[in-house]
$ cat model.txt   # compact mmCIF, C-alpha atoms and all ligand atoms
# COMPACT_ATOMS: atom_id res chain seq x y z
CA MET A 1 0.00 0.00 0.00
CA ALA A 2 1.27 3.52 -0.80
CA VAL A 3 2.52 5.66 2.07
CA ALA A 4 -0.34 7.77 3.44
CA PRO A 5 -0.01 11.44 2.47
CA GLU A 6 0.38 14.00 5.23
CA ARG A 7 -2.92 14.10 7.07
CA PRO A 8 -5.08 17.21 6.95
CA GLN A 9 -5.55 19.03 10.23
CA VAL A 10 -8.75 17.83 11.84
CA ALA A 11 -10.72 21.01 12.44
CA VAL A 12 -11.54 20.72 16.09
CA ALA A 13 -9.48 21.61 19.14
CA PRO A 14 -8.52 18.33 20.89
CA GLU A 15 -9.97 19.43 24.29
CA GLN A 16 -13.31 20.28 22.69
CA LEU A 17 -13.43 16.93 20.91
CA ARG A 18 -12.57 15.18 24.17
CA ASP A 19 -15.61 16.80 25.81
CA VAL A 20 -17.80 15.72 22.93
CA VAL A 21 -16.52 12.12 23.09
CA ALA A 22 -17.06 12.08 26.87
CA GLU A 23 -20.73 12.88 26.30
CA PHE A 24 -21.30 9.38 24.83
CA PRO A 25 -21.23 6.65 27.52
CA VAL A 26 -21.21 3.82 24.98
CA LEU A 27 -17.81 4.94 23.68
CA ARG A 28 -16.26 3.77 26.96
CA ARG A 29 -17.05 0.19 25.95
CA THR A 30 -14.56 -2.21 24.51
CA VAL A 31 -15.28 -5.05 22.10
CA GLY A 32 -13.06 -8.12 22.39
CA GLY A 33 -10.40 -5.95 24.02
CA HIS A 34 -10.59 -3.28 21.30
CA PRO A 35 -11.93 0.23 21.82
CA LEU A 36 -15.33 0.77 20.26
CA THR A 37 -14.91 2.46 16.88
CA TYR A 38 -18.44 3.46 16.02
CA LEU A 39 -18.63 4.32 12.33
CA ASP A 40 -22.33 3.67 11.77
CA ALA A 41 -23.99 6.94 12.74
CA ALA A 42 -25.73 7.06 9.35
CA ALA A 43 -27.70 3.97 10.45
CA THR A 44 -28.32 5.23 13.97
CA SER A 45 -26.39 7.70 16.09
CA GLN A 46 -25.22 7.08 19.64
CA THR A 47 -26.97 8.79 22.56
CA PRO A 48 -25.39 11.72 24.39
CA GLN A 49 -25.67 11.72 28.19
CA ARG A 50 -27.75 14.90 27.96
CA VAL A 51 -30.45 13.01 26.07
CA ILE A 52 -30.39 10.06 28.45
CA ASP A 53 -30.67 12.48 31.40
CA ALA A 54 -33.60 14.39 29.89
CA MET A 55 -35.54 11.18 29.28
CA THR A 56 -34.65 9.73 32.69
CA ARG A 57 -35.86 12.93 34.34
CA TYR A 58 -39.21 12.63 32.58
CA TYR A 59 -39.57 9.01 33.72
CA THR A 60 -38.36 9.58 37.28
CA ASP A 61 -39.74 13.04 38.13
CA VAL A 62 -42.32 14.25 35.65
CA ARG A 63 -44.12 11.29 34.11
CA ALA A 64 -47.72 12.09 33.28
CA SER A 65 -49.88 12.17 30.18
CA ILE A 66 -49.74 15.45 28.31
CA HIS A 67 -52.28 18.08 27.21
CA ARG A 68 -55.30 16.73 29.12
CA GLY A 69 -54.18 16.77 32.74
CA VAL A 70 -54.64 19.89 34.87
CA TYR A 71 -52.49 18.82 37.83
CA PRO A 72 -48.94 20.21 38.10
CA LEU A 73 -47.14 17.05 36.95
CA ALA A 74 -49.19 16.92 33.76
CA VAL A 75 -48.68 20.62 33.15
CA GLU A 76 -44.92 20.22 33.58
CA ALA A 77 -44.82 17.19 31.26
CA THR A 78 -46.80 19.13 28.65
CA GLU A 79 -44.42 22.05 28.93
CA LEU A 80 -41.42 19.76 28.42
CA PHE A 81 -43.05 18.09 25.40
CA GLU A 82 -44.23 21.29 23.72
CA GLY A 83 -40.99 23.02 24.70
CA ALA A 84 -39.10 20.33 22.79
CA ARG A 85 -41.29 20.91 19.74
CA ALA A 86 -40.72 24.67 19.92
CA ARG A 87 -36.96 24.21 20.23
CA ILE A 88 -36.84 21.81 17.26
CA ALA A 89 -38.98 24.16 15.15
CA GLU A 90 -36.85 27.18 15.99
CA TRP A 91 -33.61 25.31 15.33
CA LEU A 92 -34.65 24.47 11.76
CA ARG A 93 -36.52 27.77 11.24
CA SER A 94 -39.94 26.13 11.05
CA THR A 95 -42.88 26.84 13.38
CA PRO A 96 -44.40 24.60 16.11
CA GLU A 97 -47.70 24.34 14.17
CA GLU A 98 -45.77 23.04 11.16
CA THR A 99 -43.67 20.57 13.20
CA ILE A 100 -45.42 17.21 13.56
CA PHE A 101 -44.02 14.39 15.65
CA THR A 102 -44.13 10.98 13.97
CA ALA A 103 -42.53 7.62 14.74
CA ASN A 104 -39.64 8.14 12.31
CA ALA A 105 -38.91 9.52 8.82
CA THR A 106 -40.66 6.57 7.21
CA MET A 107 -43.88 7.41 9.04
CA ALA A 108 -43.48 11.10 8.17
CA ILE A 109 -43.26 10.30 4.45
CA ASN A 110 -46.15 7.84 4.66
CA LEU A 111 -48.21 10.52 6.38
CA VAL A 112 -47.79 12.71 3.30
CA ALA A 113 -48.42 9.82 0.90
CA TYR A 114 -51.62 8.72 2.64
CA THR A 115 -53.08 12.22 3.12
CA TRP A 116 -51.77 14.80 0.66
CA GLY A 117 -50.98 12.05 -1.87
CA ARG A 118 -54.46 10.57 -1.91
CA GLN A 119 -55.92 14.06 -2.07
CA HIS A 120 -53.84 15.24 -5.03
CA VAL A 121 -52.53 12.34 -7.11
CA GLY A 122 -54.93 10.79 -9.60
CA ALA A 123 -54.97 8.56 -12.68
CA GLY A 124 -52.27 9.46 -15.20
CA ASP A 125 -50.46 11.87 -12.82
CA THR A 126 -46.73 11.70 -12.27
CA VAL A 127 -44.72 11.48 -9.04
CA VAL A 128 -40.98 12.10 -9.36
CA VAL A 129 -38.39 10.56 -7.04
CA THR A 130 -34.66 10.11 -7.60
CA GLU A 131 -32.49 7.05 -8.15
CA MET A 132 -30.72 7.80 -4.87
CA GLU A 133 -33.76 7.68 -2.57
CA HIS A 134 -33.96 5.45 0.48
CA HIS A 135 -36.76 2.86 0.22
CA SER A 136 -38.78 4.96 2.67
CA ASP A 137 -39.02 7.63 -0.04
CA ILE A 138 -39.82 5.15 -2.80
CA VAL A 139 -42.19 2.46 -1.52
CA PRO A 140 -44.92 4.84 -0.20
CA TRP A 141 -45.00 6.44 -3.67
CA GLN A 142 -45.09 3.04 -5.39
CA LEU A 143 -48.12 2.13 -3.27
CA LEU A 144 -49.79 5.45 -4.05
CA CYS A 145 -49.07 5.27 -7.78
CA ALA A 146 -50.29 1.67 -8.01
CA GLU A 147 -53.51 2.59 -6.21
CA ARG A 148 -54.09 5.73 -8.27
CA ASP A 149 -52.83 4.46 -11.62
CA ALA A 150 -50.21 7.18 -11.57
CA LYS A 151 -46.65 7.08 -12.94
CA LEU A 152 -43.52 6.97 -10.78
CA ARG A 153 -40.47 8.47 -12.50
CA TYR A 154 -36.86 8.55 -11.33
CA VAL A 155 -34.34 11.39 -11.76
CA ARG A 156 -31.13 9.79 -12.99
CA VAL A 157 -27.90 9.75 -10.99
CA SER A 158 -24.71 10.54 -12.91
CA ASP A 159 -21.64 8.31 -12.79
CA ASP A 160 -20.00 10.70 -10.32
CA GLY A 161 -22.93 10.40 -7.90
CA HIS A 162 -24.84 13.63 -8.59
CA LEU A 163 -28.44 14.11 -9.61
CA ASP A 164 -28.83 14.84 -13.31
CA LEU A 165 -30.67 18.16 -13.12
CA ASP A 166 -31.18 18.24 -16.89
CA HIS A 167 -33.12 15.00 -16.51
CA LEU A 168 -35.09 16.58 -13.65
CA ASP A 169 -35.99 19.46 -16.02
CA GLU A 170 -37.08 16.91 -18.61
CA LEU A 171 -39.31 15.14 -16.08
CA LEU A 172 -40.74 18.48 -14.93
CA THR A 173 -42.16 19.02 -18.43
CA GLU A 174 -44.57 16.17 -17.53
CA GLN A 175 -45.92 18.52 -14.84
CA PRO A 176 -45.57 16.08 -11.94
CA LYS A 177 -47.74 16.55 -8.89
CA LEU A 178 -44.86 15.86 -6.54
CA VAL A 179 -41.06 15.83 -6.54
CA CYS A 180 -39.32 13.87 -3.74
CA VAL A 181 -35.62 14.20 -3.13
CA VAL A 182 -33.18 13.14 -0.46
CA HIS A 183 -31.13 15.99 1.03
CA ILE A 184 -28.01 13.84 1.68
CA SER A 185 -27.80 10.37 0.15
CA ASN A 186 -27.27 7.64 2.74
CA VAL A 187 -25.17 5.71 0.21
CA LEU A 188 -23.30 8.22 -1.94
CA GLY A 189 -23.08 10.96 0.65
CA THR A 190 -24.05 13.45 -2.06
CA ILE A 191 -25.44 16.73 -0.73
CA ASN A 192 -28.20 17.56 -3.17
CA PRO A 193 -29.01 21.16 -4.17
CA VAL A 194 -32.48 20.86 -2.66
CA ALA A 195 -33.28 24.61 -2.66
CA GLU A 196 -32.56 24.77 -6.40
CA ILE A 197 -34.56 21.57 -7.00
CA ALA A 198 -37.48 23.01 -5.00
CA ARG A 199 -37.29 26.24 -7.03
CA ARG A 200 -37.42 24.36 -10.35
CA ALA A 201 -40.15 21.99 -9.16
CA HIS A 202 -42.31 24.85 -7.85
CA ALA A 203 -41.89 26.71 -11.14
CA ALA A 204 -43.33 23.61 -12.84
CA GLY A 205 -46.25 23.55 -10.39
CA ALA A 206 -45.08 20.56 -8.34
CA THR A 207 -45.17 20.11 -4.57
CA VAL A 208 -41.79 19.21 -3.05
CA LEU A 209 -40.89 16.72 -0.32
CA VAL A 210 -37.33 16.51 1.00
CA ASP A 211 -36.02 13.56 3.01
CA GLY A 212 -33.64 15.19 5.49
CA SER A 213 -32.85 12.09 7.54
CA GLN A 214 -29.10 12.27 6.98
CA ALA A 215 -28.87 16.05 6.59
CA VAL A 216 -30.33 17.28 9.89
CA PRO A 217 -27.51 15.90 12.08
CA GLN A 218 -24.77 16.76 9.59
CA ILE A 219 -25.21 20.20 8.03
CA PRO A 220 -26.98 23.44 8.99
CA VAL A 221 -30.56 23.16 7.68
CA ASP A 222 -32.68 26.30 7.27
CA LEU A 223 -36.20 25.30 6.26
CA ALA A 224 -37.30 28.89 5.69
CA GLU A 225 -34.58 29.28 3.06
CA LEU A 226 -35.03 25.82 1.60
CA ASP A 227 -38.68 26.40 0.78
CA ALA A 228 -39.74 22.75 0.47
CA ASP A 229 -43.40 21.93 1.12
CA PHE A 230 -42.60 18.91 3.28
CA TYR A 231 -39.37 18.03 5.09
CA ALA A 232 -39.08 14.66 6.88
CA TRP A 233 -36.36 13.48 9.25
CA THR A 234 -35.74 10.95 11.96
CA GLY A 235 -34.67 11.48 15.58
CA HIS A 236 -32.43 8.45 16.07
CA LYS A 237 -29.91 9.64 13.48
CA ALA A 238 -29.79 13.09 15.10
CA TYR A 239 -28.57 11.94 18.55
CA GLY A 240 -32.15 11.56 19.75
CA PRO A 241 -33.90 8.38 20.87
CA THR A 242 -35.47 5.79 18.59
CA GLY A 243 -39.20 5.96 17.96
CA ILE A 244 -39.48 9.61 17.04
CA GLY A 245 -39.33 11.47 13.74
CA VAL A 246 -40.50 14.81 12.46
CA LEU A 247 -42.52 16.05 9.53
CA HIS A 248 -42.40 19.76 8.78
CA GLY A 249 -45.12 20.86 6.38
CA ARG A 250 -46.29 24.08 4.84
CA ARG A 251 -49.22 25.29 6.97
CA GLU A 252 -51.64 25.85 4.05
CA LEU A 253 -51.12 22.26 2.89
CA LEU A 254 -51.36 20.74 6.37
CA GLU A 255 -54.58 22.61 7.03
CA GLN A 256 -56.17 21.23 3.88
CA MET A 257 -54.96 17.66 4.38
CA PRO A 258 -57.19 15.06 6.03
CA PRO A 259 -55.81 13.33 9.15
CA PHE A 260 -53.58 10.30 8.73
CA ILE A 261 -54.46 8.17 11.77
CA GLY A 262 -57.72 8.60 13.65
CA GLY A 263 -58.21 8.34 17.41
CA GLY A 264 -57.87 10.31 20.59
CA HIS A 265 -56.02 13.60 20.83
CA MET A 266 -56.52 14.67 17.20
CA ILE A 267 -60.20 15.60 17.35
CA HIS A 268 -62.11 18.77 18.07
CA GLU A 269 -65.44 17.00 18.51
CA VAL A 270 -66.63 13.42 18.02
CA ARG A 271 -70.29 12.98 17.03
CA ASP A 272 -71.91 9.57 16.51
CA GLN A 273 -71.28 9.49 12.78
CA MET A 274 -68.53 12.03 12.16
CA SER A 275 -65.82 14.06 13.85
CA THR A 276 -64.04 17.35 13.42
CA TRP A 277 -60.30 17.80 13.81
CA THR A 278 -58.27 19.79 16.24
CA ASP A 279 -55.63 22.35 15.32
CA LEU A 280 -52.16 21.84 13.89
CA PRO A 281 -49.95 20.07 14.68
CA TRP A 282 -52.07 17.76 16.90
CA LYS A 283 -54.45 16.92 14.03
CA PHE A 284 -51.68 14.57 12.86
CA GLU A 285 -50.74 13.20 16.28
CA ALA A 286 -53.46 10.71 17.19
CA GLY A 287 -53.06 8.71 20.39
CA THR A 288 -50.71 9.23 23.30
CA SER A 289 -47.57 10.88 21.97
CA GLN A 290 -43.96 9.71 22.26
CA ILE A 291 -43.54 12.00 25.25
CA ALA A 292 -40.15 10.86 26.55
CA GLU A 293 -38.83 10.54 23.00
CA ALA A 294 -39.85 14.07 22.04
CA ILE A 295 -38.25 15.40 25.23
CA GLY A 296 -35.11 13.41 24.39
CA LEU A 297 -35.03 14.76 20.84
CA GLY A 298 -35.47 18.28 22.19
CA ALA A 299 -32.41 17.72 24.42
CA ALA A 300 -30.44 16.39 21.44
CA VAL A 301 -31.30 19.48 19.42
CA ALA A 302 -30.38 21.77 22.33
CA TRP A 303 -27.02 20.01 22.56
CA LEU A 304 -26.44 20.15 18.80
CA SER A 305 -27.28 23.83 18.68
CA GLU A 306 -24.81 24.48 21.52
CA LEU A 307 -22.13 22.66 19.52
CA GLY A 308 -23.23 24.51 16.40
CA LEU A 309 -23.91 22.71 13.14
CA GLU A 310 -21.16 24.78 11.50
CA TRP A 311 -18.73 23.17 13.93
CA VAL A 312 -20.22 19.72 13.32
CA ARG A 313 -19.94 20.15 9.56
CA GLU A 314 -16.38 21.43 9.73
CA HIS A 315 -15.29 18.58 11.99
CA GLU A 316 -16.96 15.83 9.98
CA GLN A 317 -15.87 17.26 6.63
CA ALA A 318 -12.24 17.23 7.79
CA LEU A 319 -12.63 13.59 8.85
CA VAL A 320 -14.21 12.64 5.53
CA ALA A 321 -11.38 14.39 3.63
CA ASP A 322 -8.86 12.46 5.72
CA ALA A 323 -10.68 9.15 5.27
CA LEU A 324 -11.04 9.63 1.50
CA GLU A 325 -7.27 10.08 1.26
CA ARG A 326 -6.49 7.14 3.53
CA LEU A 327 -8.90 4.74 1.80
CA ALA A 328 -8.05 5.64 -1.81
CA PRO A 329 -4.66 3.84 -1.97
CA ILE A 330 -6.04 0.52 -0.65
CA PRO A 331 -5.80 -1.97 -3.54
CA GLY A 332 -9.18 -2.97 -4.93
CA LEU A 333 -11.09 -0.39 -2.89
CA ALA A 334 -13.56 1.72 -4.89
CA ILE A 335 -15.37 4.66 -3.31
CA GLN A 336 -18.90 5.47 -4.43
CA GLY A 337 -20.12 9.03 -4.87
CA PRO A 338 -18.51 12.48 -5.18
CA THR A 339 -14.73 12.59 -4.90
CA SER A 340 -14.51 15.76 -2.80
CA ALA A 341 -15.42 16.00 0.90
CA ALA A 342 -16.97 19.43 0.24
CA GLU A 343 -19.63 17.78 -1.90
CA ARG A 344 -20.55 15.01 0.49
CA GLY A 345 -21.92 14.43 3.93
CA SER A 346 -20.14 12.47 6.62
CA LEU A 347 -20.24 8.98 5.16
CA ILE A 348 -18.26 6.92 2.67
CA SER A 349 -19.54 3.82 0.88
CA PHE A 350 -17.04 1.57 -0.76
CA THR A 351 -16.51 -1.84 -2.27
CA LEU A 352 -13.42 -3.98 -1.89
CA ALA A 353 -12.74 -6.23 -4.90
CA GLY A 354 -12.99 -9.89 -3.98
CA ALA A 355 -14.65 -9.25 -0.60
CA HIS A 356 -18.34 -9.33 0.18
CA PRO A 357 -19.34 -6.28 2.26
CA HIS A 358 -20.78 -8.59 4.92
CA ASP A 359 -17.37 -10.27 5.31
CA VAL A 360 -15.70 -6.85 5.50
CA GLY A 361 -18.19 -5.75 8.17
CA GLU A 362 -17.81 -8.97 10.14
CA ILE A 363 -14.00 -8.92 10.21
CA LEU A 364 -13.96 -5.22 11.15
CA GLY A 365 -16.57 -5.91 13.82
CA ARG A 366 -14.29 -8.37 15.57
CA ARG A 367 -11.86 -5.46 16.05
CA GLY A 368 -14.57 -3.19 17.46
CA VAL A 369 -14.97 -1.28 14.18
CA CYS A 370 -18.69 -0.91 13.46
CA ILE A 371 -19.62 -0.18 9.86
CA ARG A 372 -22.72 -0.96 7.83
CA ALA A 373 -22.81 -3.54 5.03
CA GLY A 374 -25.62 -4.19 2.60
CA HIS A 375 -27.91 -2.40 0.17
CA HIS A 376 -28.64 0.39 2.69
CA CYS A 377 -32.36 0.30 1.80
CA ALA A 378 -31.49 1.72 -1.60
CA GLN A 379 -31.85 -1.16 -4.06
CA PRO A 380 -32.66 1.00 -7.11
CA LEU A 381 -29.41 2.90 -6.46
CA MET A 382 -27.46 -0.35 -6.03
CA ARG A 383 -28.71 -1.43 -9.47
CA ARG A 384 -27.72 1.94 -10.91
CA LEU A 385 -24.22 1.55 -9.41
CA GLY A 386 -24.01 -2.06 -10.64
CA VAL A 387 -23.29 -3.46 -7.17
CA GLY A 388 -25.32 -5.73 -4.91
CA ALA A 389 -24.11 -4.15 -1.70
CA THR A 390 -21.46 -1.81 -0.31
CA SER A 391 -19.64 -1.24 2.95
CA ARG A 392 -20.35 2.14 4.55
CA ALA A 393 -18.36 4.01 7.18
CA SER A 394 -20.09 7.04 8.62
CA PHE A 395 -18.76 9.70 10.96
CA ALA A 396 -20.36 11.59 13.80
CA VAL A 397 -19.60 14.47 16.16
CA HIS A 398 -17.57 12.09 18.35
CA SER A 399 -15.48 10.62 15.53
CA THR A 400 -11.72 11.12 15.66
CA ALA A 401 -8.67 10.60 13.46
CA ALA A 402 -7.98 7.47 15.57
CA ASP A 403 -11.27 6.00 14.33
CA ILE A 404 -9.99 6.34 10.77
CA ASP A 405 -6.74 4.63 11.80
CA HIS A 406 -8.76 1.72 13.20
CA LEU A 407 -10.77 1.50 9.98
CA VAL A 408 -7.66 1.51 7.78
CA GLU A 409 -5.86 -1.03 9.99
CA GLY A 410 -8.99 -3.17 10.02
CA LEU A 411 -9.18 -3.12 6.23
CA ALA A 412 -5.57 -4.28 6.06
CA GLU A 413 -6.63 -7.19 8.28
CA VAL A 414 -9.60 -7.90 5.98
CA ARG A 415 -7.23 -8.12 3.02
CA ARG A 416 -4.93 -10.42 4.99
CA VAL A 417 -7.71 -12.73 6.20
CA LEU A 418 -9.34 -12.95 2.78
CA ALA A 419 -5.95 -13.26 1.03
CA LEU A 420 -6.74 -10.35 -1.31
C1 LIG B 501 -31.86 8.95 3.74
C2 LIG B 501 -32.75 8.18 4.65
N1 LIG B 501 -34.07 8.35 4.59
C3 LIG B 501 -34.91 7.70 5.41
C4 LIG B 501 -34.45 6.81 6.33
C5 LIG B 501 -35.44 6.09 7.18
O1 LIG B 501 -35.32 6.42 8.52
P1 LIG B 501 -36.27 5.68 9.59
O2 LIG B 501 -36.02 4.22 9.41
O3 LIG B 501 -35.83 6.20 10.90
O4 LIG B 501 -37.66 6.04 9.23
C6 LIG B 501 -33.08 6.57 6.41
C7 LIG B 501 -32.56 5.56 7.37
O5 LIG B 501 -31.65 4.81 7.08
C8 LIG B 501 -32.19 7.28 5.57
O6 LIG B 501 -30.87 7.11 5.63
$ encode --input "model.txt" --output "structure tokens"
Amino acid sequence: MAVAPERPQVAVAPEQLRDVVAEFPVLRRTVGGHPLTYLDAAATSQTPQRVIDAMTRYYTDVRASIHRGVYPLAVEATELFEGARARIAEWLRSTPEETIFTANATMAINLVAYTWGRQHVGAGDTVVVTEMEHHSDIVPWQLLCAERDAKLRYVRVSDDGHLDLDHLDELLTEQPKLVCVVHISNVLGTINPVAEIARRAHAAGATVLVDGSQAVPQIPVDLAELDADFYAWTGHKAYGPTGIGVLHGRRELLEQMPPFIGGGHMIHEVRDQMSTWTDLPWKFEAGTSQIAEAIGLGAAVAWLSELGLEWVREHEQALVADALERLAPIPGLAIQGPTSAAERGSLISFTLAGAHPHDVGEILGRRGVCIRAGHHCAQPLMRRLGVGATSRASFAVHSTAADIDHLVEGLAEVRRVLAL
């Protein structure tokens, strides 16, 4: 293997990074005598102590059902829950009324498909997605299009891992009802120009949904500037707990949409044969909410905004630049997606000639190096790339240059074990 070039300066001051690492209890673990090298934040992030504490406090000191109770505990729980919503909305420059809690990003996208979609998409209409969508931004539209006899069209991905915007323009001449695009690809890492895509789609009369699942924890996101109609993301990739996601929607659309799930909490009045709906955002939050999870996500967002997403981006981009340089000379290793760290989020997918990604993941795992192997819920993209699966290393706020060393050393071991 070629000698590694001089390593770029990792952006963050070592003391600051130490504090960030110390915030994650799981990183104190060892695996088979090796330190835990967690490079799978794109699948799910680890939990900062702040988030664990916020949720524990709800369960130990404040637990009560929200909104309906008039006793102090219930009022406090409601304030924590709605305070979390307000903080999340403010952080992304949305509003609390336009910030709906869901179970995850998948549920957020299905909410749009089952309500707005069934209201607006009819026979012969077109829905546009891209070849780099996660299944959660494909399958709901397949179901809708099959039910409505509508067409599902895919914006092509170029060989260098970018969306072909000329092809988007071509598809926009079909006057699609909806354009769905991922903000940062969970396979290629590509950061898509979603504001420009929204501008073009709106000019063609389409509604726009952005899947921000990877973007929210990685880059500053300003929904007011972005101007999408719907923006979906998931809490467990943004240092929050599992079981909570968010859908931001344009108020005018949300007001016109029918509810998704019916039940308690989302009604204004229930008569024997019909009901009327309560205000936004609760119209879309039937049943008892994920109270602890929302409070946990609020704590995650508070912590992230203290760190500053500019800091997060700078830190992770420096790591990605370093990793791209360290991985490139490994014989047989091919990196998918844009070549420059400036054009990608904090993840790198790669293939290693002669090695199945599951074997790569398994051998690395024995050394405490956790990466993801598989199709990453993006089978149409795998077909486009001509691969069945890839290995994916993804970086987080707590990642360090030592993590990249462990990855590179682990890959040398993979090559040794598999006699590559
Ligand atoms: C880009 C993207 N969209 C959507 C999802 C789905 O997230 P969830 O399973 O939390 O709904 C993922 C998760 O891997 C993702 O990476």
$ atom_distance --input "model.txt" --atom1 "atom CA of Ile109 of chain A" --atom2 "atom CA of Tyr58 of chain A"
28.5 Å
$ residues_near_ligand --input "model.txt" --ligand "ligand LIG 501 (chain B)" --cutoff "6 Å" --atoms "all atoms listed in the file" --output "PDB file with C-alpha atoms, keeping the file's coordinate frame"
ATOM      1  CA  ALA A  43     -27.700   3.970  10.450  1.00  0.00           C
ATOM      2  CA  ASN A 104     -39.640   8.140  12.310  1.00  0.00           C
ATOM      3  CA  ALA A 105     -38.910   9.520   8.820  1.00  0.00           C
ATOM      4  CA  THR A 106     -40.660   6.570   7.210  1.00  0.00           C
ATOM      5  CA  HIS A 134     -33.960   5.450   0.480  1.00  0.00           C
ATOM      6  CA  SER A 136     -38.780   4.960   2.670  1.00  0.00           C
ATOM      7  CA  SER A 185     -27.800  10.370   0.150  1.00  0.00           C
ATOM      8  CA  ASN A 186     -27.270   7.640   2.740  1.00  0.00           C
ATOM      9  CA  ASP A 211     -36.020  13.560   3.010  1.00  0.00           C
ATOM     10  CA  SER A 213     -32.850  12.090   7.540  1.00  0.00           C
ATOM     11  CA  GLN A 214     -29.100  12.270   6.980  1.00  0.00           C
ATOM     12  CA  THR A 234     -35.740  10.950  11.960  1.00  0.00           C
TER      13      THR A 234
END
$ residues_around --input "model.txt" --residues "Trp116 of chain A" --least-positions-apart "2" --cutoff "12 Å" --atoms "all atoms listed in the file" --output "ChimeraX atom specification"
/A:108-114,118-122,141,144,177-178,207-209,229-230,249-250,252-260
$ closest_residue --input "model.txt" --among "A:Val31, A:Cys180, A:Ala373, A:Ile330" --to "Val139 of chain A" --atoms "all atoms listed in the file"
A:Cys180
$ closest_residue --input "model.txt" --among "A:Pro217, A:Pro14, A:Gly161, A:Pro380" --to "Gly240 of chain A" --atoms "all atoms listed in the file"
A:Pro217
$ closest_residue --input "model.txt" --among "A:Asp164, A:Val417, A:Glu147, A:Tyr231" --to "Val182 of chain A" --atoms "all atoms listed in the file"
A:Tyr231
$ atom_distance --input "model.txt" --atom1 "atom CA of Ile363 of chain A" --atom2 "atom CA of Pro48 of chain A"
27.5 Å
$ atom_distance --input "model.txt" --atom1 "atom CA of Leu411 of chain A" --atom2 "atom CA of Arg29 of chain A"
21.5 Å
$ closest_residue --input "model.txt" --among "A:Val369, A:Ala318, A:Leu304, A:Val360" --to "Ala389 of chain A" --atoms "only C-alpha atoms"
A:Val360
$ closest_residue --input "model.txt" --among "A:Val187, A:Ala150, A:Ala89, A:Ile348" --to "Asp222 of chain A" --atoms "only C-alpha atoms"
A:Ala89
